[in-house]
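Here is upload.pdb, consisting of PDB, C-alpha atoms:
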```pdb
MODEL        1
ATOM      1  CA  MET J   1     171.330 197.917  50.184  1.00  0.00           C
ATOM      2  CA  LEU J   2     169.533 198.356  46.912  1.00  0.00           C
ATOM      3  CA  GLU J   3     168.190 195.326  45.109  1.00  0.00           C
ATOM      4  CA  ARG J   4     170.058 194.610  41.906  1.00  0.00           C
ATOM      5  CA  ARG J   5     168.476 193.633  38.647  1.00  0.00           C
ATOM      6  CA  PRO J   6     169.482 190.244  37.320  1.00  0.00           C
ATOM      7  CA  SER J   7     172.015 190.299  34.515  1.00  0.00           C
ATOM      8  CA  SER J   8     170.274 190.020  31.189  1.00  0.00           C
ATOM      9  CA  SER J   9     171.121 190.043  27.531  1.00  0.00           C
ATOM     10  CA  SER J  10     169.506 193.489  27.219  1.00  0.00           C
ATOM     11  CA  HIS J  11     172.639 194.940  28.845  1.00  0.00           C
ATOM     12  CA  ASP J  12     175.164 192.883  26.904  1.00  0.00           C
ATOM     13  CA  ASP J  13     175.711 195.649  24.327  1.00  0.00           C
ATOM     14  CA  LEU J  14     176.495 198.139  27.071  1.00  0.00           C
ATOM     15  CA  ILE J  15     178.784 195.674  28.838  1.00  0.00           C
ATOM     16  CA  ASP J  16     180.560 194.930  25.542  1.00  0.00           C
ATOM     17  CA  HIS J  17     180.989 198.669  24.951  1.00  0.00           C
ATOM     18  CA  LEU J  18     182.525 199.153  28.418  1.00  0.00           C
ATOM     19  CA  VAL J  19     184.918 196.249  27.856  1.00  0.00           C
ATOM     20  CA  ARG J  20     186.016 197.733  24.500  1.00  0.00           C
ATOM     21  CA  SER J  21     186.273 201.334  25.702  1.00  0.00           C
ATOM     22  CA  THR J  22     187.856 200.786  29.130  1.00  0.00           C
ATOM     23  CA  ALA J  23     190.339 198.470  30.776  1.00  0.00           C
ATOM     24  CA  LEU J  24     187.535 196.748  32.692  1.00  0.00           C
ATOM     25  CA  PRO J  25     187.236 192.976  32.420  1.00  0.00           C
ATOM     26  CA  ARG J  26     183.745 191.731  31.472  1.00  0.00           C
ATOM     27  CA  GLY J  27     182.748 190.746  35.029  1.00  0.00           C
ATOM     28  CA  GLU J  28     183.716 194.136  36.413  1.00  0.00           C
ATOM     29  CA  ALA J  29     181.927 195.930  33.549  1.00  0.00           C
ATOM     30  CA  ALA J  30     178.768 193.919  34.307  1.00  0.00           C
ATOM     31  CA  ARG J  31     179.019 194.881  37.997  1.00  0.00           C
ATOM     32  CA  VAL J  32     179.376 198.571  37.073  1.00  0.00           C
ATOM     33  CA  VAL J  33     176.296 198.393  34.838  1.00  0.00           C
ATOM     34  CA  LEU J  34     174.283 196.772  37.643  1.00  0.00           C
ATOM     35  CA  ASP J  35     175.508 199.391  40.149  1.00  0.00           C
ATOM     36  CA  VAL J  36     174.485 202.243  37.844  1.00  0.00           C
ATOM     37  CA  LEU J  37     171.063 200.695  37.238  1.00  0.00           C
ATOM     38  CA  ALA J  38     170.557 200.252  40.981  1.00  0.00           C
ATOM     39  CA  TYR J  39     171.538 203.894  41.549  1.00  0.00           C
ATOM     40  CA  PHE J  40     168.904 205.088  39.088  1.00  0.00           C
ATOM     41  CA  ASP J  41     166.289 202.737  40.559  1.00  0.00           C
ATOM     42  CA  GLU J  42     166.627 204.408  43.971  1.00  0.00           C
ATOM     43  CA  THR J  43     163.354 206.039  45.016  1.00  0.00           C
ATOM     44  CA  THR J  44     163.243 209.603  46.302  1.00  0.00           C
ATOM     45  CA  GLU J  45     162.443 208.291  49.779  1.00  0.00           C
ATOM     46  CA  ASP J  46     165.404 205.902  49.737  1.00  0.00           C
ATOM     47  CA  PHE J  47     167.698 208.644  48.424  1.00  0.00           C
ATOM     48  CA  VAL J  48     166.627 211.056  51.188  1.00  0.00           C
ATOM     49  CA  ARG J  49     167.122 208.433  53.897  1.00  0.00           C
ATOM     50  CA  ARG J  50     170.504 207.318  52.498  1.00  0.00           C
ATOM     51  CA  ARG J  51     171.818 210.876  52.133  1.00  0.00           C
ATOM     52  CA  HIS J  52     170.579 211.758  55.631  1.00  0.00           C
ATOM     53  CA  ARG J  53     172.545 208.819  57.085  1.00  0.00           C
ATOM     54  CA  GLU J  54     175.656 209.697  55.049  1.00  0.00           C
ATOM     55  CA  LEU J  55     175.614 213.382  55.958  1.00  0.00           C
ATOM     56  CA  GLN J  56     174.789 212.692  59.600  1.00  0.00           C
ATOM     57  CA  SER J  57     177.710 210.277  59.827  1.00  0.00           C
ATOM     58  CA  GLY J  58     179.846 213.061  58.342  1.00  0.00           C
ATOM     59  CA  GLY J  59     179.024 215.257  61.334  1.00  0.00           C
ATOM     60  CA  LEU J  60     176.412 217.580  59.837  1.00  0.00           C
ATOM     61  CA  VAL J  61     173.363 218.601  61.851  1.00  0.00           C
ATOM     62  CA  ASN J  62     169.799 218.203  60.594  1.00  0.00           C
ATOM     63  CA  THR J  63     169.398 221.843  59.575  1.00  0.00           C
ATOM     64  CA  GLU J  64     172.388 221.569  57.247  1.00  0.00           C
ATOM     65  CA  ILE J  65     171.473 218.049  56.152  1.00  0.00           C
ATOM     66  CA  PHE J  66     167.949 218.825  55.002  1.00  0.00           C
ATOM     67  CA  GLU J  67     169.017 222.004  53.227  1.00  0.00           C
ATOM     68  CA  ARG J  68     171.725 220.088  51.380  1.00  0.00           C
ATOM     69  CA  ILE J  69     169.353 217.255  50.429  1.00  0.00           C
ATOM     70  CA  ALA J  70     166.799 219.787  49.179  1.00  0.00           C
ATOM     71  CA  ALA J  71     169.518 221.336  47.004  1.00  0.00           C
ATOM     72  CA  GLU J  72     170.647 217.929  45.655  1.00  0.00           C
ATOM     73  CA  LEU J  73     167.227 216.553  44.707  1.00  0.00           C
ATOM     74  CA  PRO J  74     166.672 218.682  41.586  1.00  0.00           C
ATOM     75  CA  HIS J  75     169.946 217.362  40.175  1.00  0.00           C
ATOM     76  CA  ARG J  76     168.935 213.697  40.245  1.00  0.00           C
ATOM     77  CA  ALA J  77     168.574 211.990  36.856  1.00  0.00           C
ATOM     78  CA  VAL J  78     164.802 212.044  37.263  1.00  0.00           C
ATOM     79  CA  ALA J  79     164.159 214.917  39.602  1.00  0.00           C
ATOM     80  CA  PRO J  80     161.249 214.424  41.996  1.00  0.00           C
ATOM     81  CA  PRO J  81     158.793 217.198  42.764  1.00  0.00           C
ATOM     82  CA  GLU J  82     160.208 219.866  45.052  1.00  0.00           C
ATOM     83  CA  LEU J  83     159.938 218.780  48.690  1.00  0.00           C
ATOM     84  CA  SER J  84     159.841 221.151  51.639  1.00  0.00           C
ATOM     85  CA  LEU J  85     162.287 220.724  54.518  1.00  0.00           C
ATOM     86  CA  ARG J  86     159.349 219.457  56.574  1.00  0.00           C
ATOM     87  CA  GLN J  87     158.531 216.811  53.953  1.00  0.00           C
ATOM     88  CA  LEU J  88     162.179 215.703  53.931  1.00  0.00           C
ATOM     89  CA  ARG J  89     162.158 215.348  57.729  1.00  0.00           C
ATOM     90  CA  ARG J  90     158.957 213.286  57.518  1.00  0.00           C
ATOM     91  CA  LEU J  91     160.611 210.921  55.028  1.00  0.00           C
ATOM     92  CA  VAL J  92     163.399 210.265  57.526  1.00  0.00           C
ATOM     93  CA  TYR J  93     161.463 210.292  60.803  1.00  0.00           C
ATOM     94  CA  GLY J  94     157.948 209.308  59.682  1.00  0.00           C
TER      95      GLY J  94
ENDMDL
END
```

Can the structure in the file be given as structure tokens, please?
Amino acid sequence: MLERRPSSSSHDDLIDHLVRSTALPRGEAARVVLDVLAYFDETTEDFVRRRHRELQSGGLVNTEIFERIAAELPHRAVAPPELSLRQLRRLVYG
């Protein structure tokens, strides 16, 4: 599980905006903000490992998994450098 940042006043404006613009209560809006921040804090290595586990549990084989992960990486909020299929395998298996 990803480590969450502590709630701070720097996010209060965003939380207030979510409360005003959605039906979310303040506590739920704060949780959503923390979840989004944790998602964007995920390293490339953690993303590759997490997606490998998710896709493997969905029944895909490694050939399909690594091709799919390679296709997904450029679409991350901060795209990492292009990684070869071999580099992706090394992130998962060392």

- Query: Near J:Glu54, counting all atoms listed in the file, which residues have an atom at most 12 Å away, once you skip same-chain residues fewer than 6 positions from it, shown as a PyMOL selection string?
  - Reply: chain J and resi 47-48+60-62+65-66+68-69

- Message: To test your reading of the syntax: which residues would the PyMOL selection byres ((chain J and resi 78) around 12) return for the file shown? Reply as a PyMOL selection string.
- Response: chain J and resi 39-44+72-77+79-82

- Note on the structure: Correct to one decimal, the distance atom CA of J:Val36-atom CA of J:Arg51 is 16.9 Å

- Message: For J:Val32, find every residue with an atom within 12 Å (counting only C-alpha atoms), except residues of its own chain fewer than 2 positions away, and show them as a PyMOL selection string.
- Response: chain J and resi 4+7+11+14-15+18-19+22+24-30+34-39

- Which distance in Å separates atom CA of J:Gly59 and atom CA of J:Arg89, to one decimal?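 Here the two named atoms are 17.2 Å from each other.
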
- Message: Residues near J:Ser84, anyone? I mean within 8 Å using all atoms listed in the file, not counting same-chain ones fewer than 3 positions away, as a ChimeraX atom specification.
- Response: /J:70,87-88

- Task: Mind giving me the straight-line distance from atom CA of J:Leu83 to atom CA of J:Val33 in Å, one decimal?
- Result: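 If I compute the distance from atom CA of J:Leu83 to atom CA of J:Val33, I get 29.6 Å.
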
Please enclose the listed atoms of stretch 83-92 of chain J in an axis-aligned box, pad each side by 4 Å, and write out the centre and the three edge lengths in Å, rounded to one decimal, as lines of an AutoDock Vina configuration file.
```
center_x = 161.0
center_y = 215.7
center_z = 53.2
size_x = 12.9
size_y = 18.9
size_z = 17.0
```

- Selected residue, from J:Asp16, J:Glu45, J:Ser21, J:Thr63, that lies nearest to J:Val92 when counting all atoms listed in the file: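 Nearest candidate to J:Val92 out of J:Asp16, J:Glu45, J:Ser21, J:Thr63: J:Glu45.
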